[in-house]
Structures are given as structure tokens and as C-alpha cells.
Amino acid sequence: MTNLRIHTHTRTHTHTHTPQGFDDIPEGVSRPGHFRGVATVVTKLFNIVQPTNAYFGQKDAAQCTLIRRIVDDLNMDVNVQVLDTIRETDGLAMSSRNAYLTPKERMISPVVYKSLCAAKQFYHMIFLGSVSSSMEEEEDDGKETEGKEFSIPSNTLRDIVEEVLRSEPLVTDIQYVSVDDRETMRPIDVVGKDGAVISLACKVGSVRLIDNIVLKIG
């Protein structure tokens with residue numbers, strides 16, 4: 001009798017390590033392993049296609065920052081372009097997840113973007129108002145205001161967003177509202193003339209929605 005020995009082989013998979021600083025930001029904590037997956041898939045795509053330009057949407061702000069970091073760290077000859085979030089006419093960021101909203105949930109879902117706009121409006125009102133006031137003081141008493149810094153506590157902007165979201169009963173869970181540096185997506189304590197990105201994740205009914213808005217002057 002002939003004895004047969006069957007060898008089985010389990011294939012291992014290579015992953016791209018997530019650049020430091022992404023797994024512990026709010027979206028990384030909410031979705032463990034997500035950014036490692038993004039880093040791996042995008043790195044493979046760029047290696048295969050060798051594109052000159054690559055276009056991504058601002059809706060996934062942290063993901064865009066991650067991709068730019070990968071391109072920079074690995075010296076990839078790719079020009080990463082981040083385009084404005086495409087929205088429905090009522091402001092809801094377009095997403096395949098929107099199809100899972102019930103008609104009633106879909107009707108109130110613009111509250112997500114509305115909450116971000118409320119924070120942006122407050123930022124512009126306070127920041128630009130402070131600048132205008134300082135200019136008026138300079139004209140009145142001749143004092144120089146050059147170099148004078150204005151800032152808003154991040155907690156203040158965060159509270160504005162959460163207050164609007166909590167006003168809608170169908171927003172069942174606010175997973176996070178984060179105020180971050182525009183370049184690194186790391187949390188910041190105050191927002192000044194350099195602006196920030198406010199990003200959030202919440203559930204409308206049972207559907208998880210994400211969105212963000214960029215704060216900047218000019």
C-alpha cells in the first residue's frame with residue numbers, strides 16, 4: 001500500500017503598516033484596522049497603476065491625510081488631489097450608506113451637515129469679528145495689532161455640533177465629534193487663523209454617517 005502525505009499551505013498576506021498617529025484618532029478607534037486596510041489597498045493600487053494623479057473626496061478627511069502621508073513617506077511619484085465633498089441638494093454628503101436610511105431618516109439626515117455648518121458659522125463670526133474689532137481699535141487709538149492672535153477653544157466648537165445633533169431624536173448615537181489639525185488630523189485644543197477640520201460620526205437610526213467641514217479664513 002502506498003502512503004500519501006498531503007501538504008496544505010496557508011497563504012499569508014502582506015499588509016502595509018499604518019503610518020504612526022492614525023489608529024488612535026477617533027475614526028481609527030471606531031474602526032480598528034480600517035486605516036491599515038486603506039493603506040494596503042491604496043499602496044497596491046498605486047504600484048499597479050502607476051498614476052500621475054489620484055483623486056479622493058474630502059468626505060473621508062482622515063483617509064485623504066493618510067494617503068498623502070503614504071505618498072510622501074514612500075516617495076511615490078503621485079499627485080494626490082483632494083476634491084470637495086459631493087452633496088445632495090439638501091446638504092447630505094453622498095454615500096452608498098444613504099440607501100439604508102428610511103424615508104423619515106433620510107428627511108432629517110441633513111442635520112449632520114447642518115451641525116457642522118453651525119460650528120463653521122460660529123468660527124467665522126468670532127474670528128472675523130475679532131479681527132474687525134482689533135482693526136477698529138487700531139484706527140481709534142493708533143495701537144498696532146500686528147501679530148495679535150485670536151483663537152477659539154475646540155470644546156466650544158464641539159459643543160455647538162453636538163447640540164445641533166442632539167436636537168434631532170433620530171440621531172441615535174454620536175460616536176465622536178473631533179476638531180483636528182488640517183494637515184495631520186491630530187486633535188487640537190484651540191482653533192486659530194490656521195483653521196481646522198471638524199469631523200464627526202453618528203448614527204441616524206441604525207445607519208452610521210460620517211462628514212466633516214474645513215474651517216479656514218478666506
# chains A, B, ... in the order shown; residues from 1 in each chain; ligands from 1
>>> closest_atom_pairs(of="region 101-120 of chain A", to="region 68-91 of chain A", cutoff="9 Å", atoms="only C-alpha atoms", output="tab-separated table")
residue	atom	partner	partner_atom	distance
A:Ser109	CA	A:Gly91	CA	8.9
A:Pro110	CA	A:Gly91	CA	5.7
A:Val111	CA	A:Gly91	CA	8.7
A:Val112	CA	A:Gly91	CA	8.6
A:Tyr113	CA	A:Gly91	CA	6.2
A:Lys114	CA	A:Gly91	CA	7.7
>>> write_last_selection(atoms="C-alpha atoms", output="JSON list (two decimals), in the first residue's frame")
[["chain", "number", "residue", "atom", "x", "y", "z"],
["A", 109, "SER", "CA", -30.36, 63.44, 7.81],
["A", 110, "PRO", "CA", -29.20, 66.90, 6.62],
["A", 111, "VAL", "CA", -28.92, 67.71, 10.35],
["A", 112, "VAL", "CA", -25.46, 66.13, 10.15],
["A", 113, "TYR", "CA", -24.14, 68.78, 7.78],
["A", 114, "LYS", "CA", -26.24, 71.45, 9.50]]
>>> residues_around(residues="region 18-32 of chain A", least_positions_apart="2", cutoff="12 Å", atoms="only C-alpha atoms", output="PyMOL selection string")
chain A and resi 15-16+34-43+60-74+174-181+184-188+198-202+208-212
>>> closest_residue(among="A:Thr172, A:Gln58, A:Ser151, A:Gln121", to="Lys203 (chain A)", atoms="only C-alpha atoms")
A:Thr172
>>> select_by_dssp(residues="region 4-135 of chain A", states="alpha helix (DSSP H)", output="ChimeraX atom specification")
/A:26-30,34-49,61-73,103-108,111-135
>>> residues_around(residues="Leu101 (chain A)", least_positions_apart="6", cutoff="10 Å", atoms="only C-alpha atoms", output="number ranges by chain")
A: 107, 109, 204-208
>>> write_last_selection(atoms="all heavy atoms", output="CSV table (one decimal), in the first residue's frame")
chain,number,residue,atom,x,y,z
A,107,MET,N,-35.1,62.2,5.5
A,107,MET,CA,-35.7,63.5,5.6
A,107,MET,C,-34.9,64.4,6.6
A,107,MET,O,-34.7,65.6,6.4
A,107,MET,CB,-37.2,63.5,5.9
A,107,MET,CG,-37.9,64.9,5.9
A,107,MET,SD,-39.6,64.7,6.3
A,107,MET,CE,-40.1,63.6,5.0
A,109,SER,N,-31.8,63.7,7.8
A,109,SER,CA,-30.4,63.4,7.8
A,109,SER,C,-29.5,64.7,7.5
A,109,SER,O,-28.3,64.7,7.9
A,109,SER,CB,-30.0,62.3,6.8
A,109,SER,OG,-30.5,62.6,5.5
A,204,VAL,N,-27.8,57.8,12.4
A,204,VAL,CA,-29.2,58.2,12.1
A,204,VAL,C,-30.0,56.9,12.0
A,204,VAL,O,-29.9,56.2,11.0
A,204,VAL,CB,-29.3,59.1,10.9
A,204,VAL,CG1,-30.8,59.4,10.6
A,204,VAL,CG2,-28.5,60.4,11.0
A,205,GLY,N,-30.8,56.7,13.0
A,205,GLY,CA,-31.5,55.4,13.1
A,205,GLY,C,-30.4,54.4,13.4
A,205,GLY,O,-29.6,54.5,14.4
A,206,SER,N,-30.2,53.4,12.5
A,206,SER,CA,-29.1,52.4,12.6
A,206,SER,C,-28.0,52.6,11.6
A,206,SER,O,-27.1,51.8,11.6
A,206,SER,CB,-29.7,51.0,12.4
A,206,SER,OG,-30.3,50.8,11.1
A,207,VAL,N,-28.1,53.7,10.9
A,207,VAL,CA,-27.1,53.9,9.8
A,207,VAL,C,-26.0,54.9,10.3
A,207,VAL,O,-26.3,56.0,10.7
A,207,VAL,CB,-27.8,54.5,8.5
A,207,VAL,CG1,-26.8,54.7,7.4
A,207,VAL,CG2,-28.9,53.6,8.1
A,208,ARG,N,-24.8,54.4,10.1
A,208,ARG,CA,-23.6,55.2,10.5
A,208,ARG,C,-23.2,56.2,9.4
A,208,ARG,O,-23.0,55.8,8.3
A,208,ARG,CB,-22.4,54.4,10.9
A,208,ARG,CG,-21.2,55.1,11.4
A,208,ARG,CD,-20.1,54.1,11.8
A,208,ARG,NE,-19.0,54.8,12.5
A,208,ARG,CZ,-17.9,55.3,11.9
A,208,ARG,NH1,-17.7,55.2,10.6
A,208,ARG,NH2,-17.0,55.8,12.7
>>> atom_distance(atom1="CA of Arg166 (chain A)", atom2="CA of Thr102 (chain A)")
19.1 Å
>>> select_by_dssp(residues="region 17-181 of chain A", states="strand (DSSP E)", output="PyMOL selection string")
chain A and resi 53-57+79-83+152-153+171-180
